[in-house]
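Participant: Take this structure, written in structure tokens, and hold onto it; I'll ask about it next.
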Amino acid sequence: MAPQVLQEPEDTETEKKTQLFFHDAWNEYAVILPGEAGKFSLSLGAGLHYYMGLSRMTMASTLNFLTVDSPVFSWPLIDNSDQFARQLGMFAKGKYGKLEYRLSLNKPFATDLTPVNVTDPSKAIAVDNNGNPSFSKAGYLEYQFLDEESNTLPFKVGSYLGTKKVFNVGAGFYHQADGTRTSVNSNIEKHDITLFAVDAFADIPLGEAKNKMAISAYAGYYNYNFGPKYVRNLGTMNIGANDPNFIGNKAIAGPGNLQPTIGTGNIIYAQAGLLLPSQAEKPKIRIQPFAAYTHKNFEAFDKSSSQFDIGANWFIDGHHAKITTQYSTRPVYTSPTESPSSKGEFIVQFQIYL
């Protein structure tokens, strides 16, 4: 039996995304400043916030990615029980020397998908249905071995372009009781959402000269449990549609660039980029080739999948004005028991922000 996976609905107006849409709406109070308690600091805040824990990539800034975009699985609740990776709640953040911490208690947004009823418990498939959701708990601890990063805002930098010397190791978690449900013989069973991650990040300048080289790298291991055989298929800016005249084995994920992105199982991810040097005093273009690799082993499929991204950033004014070119592959499953095939796409993106 093929897993009953979901195609994401069209992004129409909903109660969660009205005409006036806020990414962040929170406030905080500095309880203990670093100068008041040696190396310890503590701030408490509340609102719609991005201090969601789990991993560095879960709190990544969208302005300075190394690759063209987030791998998305690092936002495991994206637009389901969160609002564009944010939830409503309270958070505590601070530092103790080179150790940075972020903890939060949040009220997830409600989800109400109906699980497919099965008679065989081994074929039960969890879907997002939390009813009146219980509070979620999340946290992230990170040790910053070299230069310390600012925690004034929640956003984690993807590539410093050689302006800092950073090496961090972190670990995080997310837990929500009764976040998904299955149905076996019309009996509903609730399942906790329990997520863990460990990761490392490095951004190291190479050499002393101006416009020097720099290496940026990230690696992470993600362990996800959303309940039995949970899979969520996502496709960024997907323009594909079902072809009623197609004959053959269709992709389980659905049409276009939909792919199994998030699910119960394990994910290994790594990316690295090299900012090339320039001899010019004010170079018109700085080039940063990069590559990324993703390995997913989801419970819903007998075979794991691997995919890669390769490309380059063409910096006109750092991250403020850049062109990114990237070729990406994605797994295509036509059977839950067989190895996936692979499809590719070429992306060109122009980014500018003031």
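So you can find residues: chains in the structure tokens are A, B, ... in the order shown, residues in each start at 1, and ligands are numbered from 1 in order.
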Need to verify the contact set: A:Gln288, 6 Å, only C-alpha atoms, exclusion of same-chain residues closer than 3 positions in sequence. Can you return it as an MDAnalysis selection string?
Facilitator: chainID A and resid 274:276 312:313
Participant: Excluding stretch 215-232 of chain A and any residue of its chain fewer than 6 positions from it, enumerate the residues within 7 Å of it, using only C-alpha atoms, and give them as a ChimeraX atom specification.
Facilitator: /A:5-6,124-127,159,180,191-205,260-275,299-300
Participant: What's the 7 Å shell around A:Glu142, counting only C-alpha atoms, without same-chain residues fewer than 5 positions away, as a VMD selection string?
Facilitator: chain A and resid 99 to 101 168 to 171
Participant: Let me see the file: selected residues, N, CA, C and O atoms, as a short mmCIF file (atom, residue, chain, number, x, y, z; two decimals), in the first residue's frame.
Facilitator:
data_model
loop_
_atom_site.label_atom_id
_atom_site.label_comp_id
_atom_site.auth_asym_id
_atom_site.auth_seq_id
_atom_site.Cartn_x
_atom_site.Cartn_y
_atom_site.Cartn_z
N LEU A 99 28.60 30.11 25.73
CA LEU A 99 27.41 29.26 25.56
C LEU A 99 26.19 30.14 25.38
O LEU A 99 25.88 30.98 26.24
N GLU A 100 25.49 29.96 24.28
CA GLU A 100 24.24 30.68 24.04
C GLU A 100 23.07 29.73 24.19
O GLU A 100 23.13 28.59 23.73
N TYR A 101 21.98 30.20 24.82
CA TYR A 101 20.81 29.35 25.01
C TYR A 101 19.55 30.07 24.56
O TYR A 101 19.43 31.29 24.63
N ASN A 168 30.86 27.05 15.63
CA ASN A 168 29.86 26.75 16.66
C ASN A 168 29.40 25.30 16.56
O ASN A 168 29.31 24.74 15.46
N VAL A 169 29.06 24.73 17.70
CA VAL A 169 28.42 23.41 17.77
C VAL A 169 27.16 23.56 18.61
O VAL A 169 27.20 24.19 19.69
N GLY A 170 26.06 23.00 18.13
CA GLY A 170 24.80 23.19 18.83
C GLY A 170 23.94 21.94 18.85
O GLY A 170 24.18 20.98 18.11
N ALA A 171 22.90 21.97 19.69
CA ALA A 171 21.92 20.89 19.78
C ALA A 171 20.59 21.48 20.21
O ALA A 171 20.55 22.44 20.98
#
Participant: Contacts of A:Asp302 at 12 Å or less, counting only C-alpha atoms, minus same-chain residues fewer than 2 places along, as a VMD selection string?
Facilitator: chain A and resid 2 to 3 229 265 296 to 300 304 to 305 333 335 to 340
Participant: Any chance you could list, as a PyMOL selection string, the residues in stretch 70-136 of chain A that come up strand (DSSP E) when DSSP is run on the backbone?
Facilitator: chain A and resi 87-96+99-107+117-118+127-128+136
Participant: Considering only C-alpha atoms, state which residue in the set A:Pro71, A:Gly162, A:Gly131, A:Gly256 is at the smallest distance from A:Phe308.
Facilitator: A:Pro71
Participant: Can you pull out every residue within 10 Å of A:Asn187, counting only C-alpha atoms, but drop anything in the same chain fewer than 2 positions away, and send it as a list in words?
Facilitator: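 Contacts, with the query itself left out: Asn117, Val118, Thr119, Thr182, Ser183, Val184, Asn185 and Glu189 of chain A.
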Participant: Go ahead and write the selection's residues with all heavy atoms as an mmCIF file, in the first residue's frame.
Facilitator:
data_model
loop_
_atom_site.group_PDB
_atom_site.id
_atom_site.type_symbol
_atom_site.label_atom_id
_atom_site.label_comp_id
_atom_site.auth_asym_id
_atom_site.auth_seq_id
_atom_site.Cartn_x
_atom_site.Cartn_y
_atom_site.Cartn_z
ATOM 1 N N ASN A 117 -8.535 6.006 7.533
ATOM 2 C CA ASN A 117 -8.798 4.839 8.377
ATOM 3 C C ASN A 117 -8.280 3.567 7.704
ATOM 4 O O ASN A 117 -8.507 3.340 6.518
ATOM 5 C CB ASN A 117 -10.300 4.701 8.639
ATOM 6 C CG ASN A 117 -10.609 3.550 9.587
ATOM 7 O OD1 ASN A 117 -10.134 3.535 10.716
ATOM 8 N ND2 ASN A 117 -11.385 2.586 9.128
ATOM 9 N N VAL A 118 -7.537 2.750 8.454
ATOM 10 C CA VAL A 118 -7.019 1.479 7.954
ATOM 11 C C VAL A 118 -7.395 0.380 8.931
ATOM 12 O O VAL A 118 -7.722 0.632 10.098
ATOM 13 C CB VAL A 118 -5.478 1.530 7.779
ATOM 14 C CG1 VAL A 118 -5.095 2.568 6.736
ATOM 15 C CG2 VAL A 118 -4.796 1.825 9.103
ATOM 16 N N THR A 119 -7.355 -0.843 8.449
ATOM 17 C CA THR A 119 -7.653 -1.988 9.312
ATOM 18 C C THR A 119 -6.397 -2.668 9.834
ATOM 19 O O THR A 119 -6.439 -3.386 10.824
ATOM 20 C CB THR A 119 -8.508 -3.011 8.543
ATOM 21 O OG1 THR A 119 -7.812 -3.397 7.352
ATOM 22 C CG2 THR A 119 -9.857 -2.399 8.159
ATOM 23 N N THR A 182 -3.618 9.029 14.006
ATOM 24 C CA THR A 182 -3.882 7.953 13.052
ATOM 25 C C THR A 182 -5.243 7.357 13.370
ATOM 26 O O THR A 182 -5.813 7.575 14.456
ATOM 27 C CB THR A 182 -2.811 6.846 13.141
ATOM 28 O OG1 THR A 182 -2.743 6.372 14.505
ATOM 29 C CG2 THR A 182 -1.448 7.357 12.719
ATOM 30 N N SER A 183 -5.778 6.581 12.409
ATOM 31 C CA SER A 183 -7.067 5.922 12.603
ATOM 32 C C SER A 183 -6.937 4.466 12.187
ATOM 33 O O SER A 183 -6.603 4.168 11.029
ATOM 34 C CB SER A 183 -8.155 6.613 11.772
ATOM 35 O OG SER A 183 -9.403 5.952 11.927
ATOM 36 N N VAL A 184 -7.180 3.545 13.142
ATOM 37 C CA VAL A 184 -7.146 2.106 12.884
ATOM 38 C C VAL A 184 -8.474 1.518 13.338
ATOM 39 O O VAL A 184 -8.845 1.624 14.514
ATOM 40 C CB VAL A 184 -5.977 1.426 13.629
ATOM 41 C CG1 VAL A 184 -5.963 -0.073 13.339
ATOM 42 C CG2 VAL A 184 -4.650 2.050 13.235
ATOM 43 N N ASN A 185 -9.193 0.925 12.371
ATOM 44 C CA ASN A 185 -10.527 0.392 12.660
ATOM 45 C C ASN A 185 -11.409 1.450 13.325
ATOM 46 O O ASN A 185 -12.146 1.179 14.279
ATOM 47 C CB ASN A 185 -10.431 -0.856 13.534
ATOM 48 C CG ASN A 185 -9.770 -2.018 12.814
ATOM 49 O OD1 ASN A 185 -10.061 -2.281 11.648
ATOM 50 N ND2 ASN A 185 -8.851 -2.698 13.497
ATOM 51 N N GLU A 189 -5.897 7.327 17.353
ATOM 52 C CA GLU A 189 -4.763 7.322 18.272
ATOM 53 C C GLU A 189 -3.951 8.594 18.061
ATOM 54 O O GLU A 189 -3.684 8.992 16.929
ATOM 55 C CB GLU A 189 -3.877 6.097 18.027
ATOM 56 C CG GLU A 189 -2.709 5.994 19.011
ATOM 57 C CD GLU A 189 -1.880 4.745 18.825
ATOM 58 O OE1 GLU A 189 -2.286 3.857 18.048
ATOM 59 O OE2 GLU A 189 -0.799 4.661 19.454
#
Participant: From the list A:Ala214, A:Leu88, A:Leu66, A:Val116, which residue is nearest A:Leu161 when using only C-alpha atoms?
Facilitator: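 With only C-alpha atoms as the atom set, the closest residue is A:Ala214.
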Participant: Show which residues sit within 7 Å of A:Arg56, as a list in words. Count only C-alpha atoms, and ignore same-chain residues fewer than 3 positions away.
Facilitator: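 Close residues of A:Arg56: Met59, Ala60 and Lys156 of chain A.
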Participant: Would you save the residues of that selection, restricted to N, CA and C atoms, as a PDB file, in the first residue's frame?
Facilitator:
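Result went into out-v8.pdb, see below:
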ATOM      1  N   MET A  59      16.338  28.583  12.695  1.00  0.00           N
ATOM      2  CA  MET A  59      16.240  30.017  12.986  1.00  0.00           C
ATOM      3  C   MET A  59      17.088  30.834  12.021  1.00  0.00           C
ATOM      4  N   ALA A  60      17.265  30.321  10.810  1.00  0.00           N
ATOM      5  CA  ALA A  60      18.142  30.971   9.834  1.00  0.00           C
ATOM      6  C   ALA A  60      17.545  32.273   9.318  1.00  0.00           C
ATOM      7  N   LYS A 156      19.845  33.547  12.564  1.00  0.00           N
ATOM      8  CA  LYS A 156      21.188  33.001  12.452  1.00  0.00           C
ATOM      9  C   LYS A 156      21.738  33.220  11.035  1.00  0.00           C
TER      10      LYS A 156
END
Participant: Just the residues within 9 Å of A:Arg286, please, counting only C-alpha atoms, with nothing from its chain fewer than 5 positions along; format it as a PyMOL selection string.
Facilitator: chain A and resi 211+275-278+313-318
Participant: Tell me, in Å to one decimal, how far atom CA of A:Tyr143 is from atom CA of A:Lys95.
Facilitator: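 Here the two named atoms are 9.6 Å from each other.
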Participant: Enter the distance from atom CA of A:Leu146 to atom CA of A:Pro76, in Å, rounded to one decimal.
Facilitator: 29.2 Å
Participant: What is the atom CA of A:Gln349 to atom CA of A:Thr58 distance in Å?
Facilitator: 21.8 Å
Participant: Counting only C-alpha atoms, which of A:Ala280, A:Gly158, A:His49, A:Val166 gets nearest to A:Ser70?
Facilitator: A:Gly158
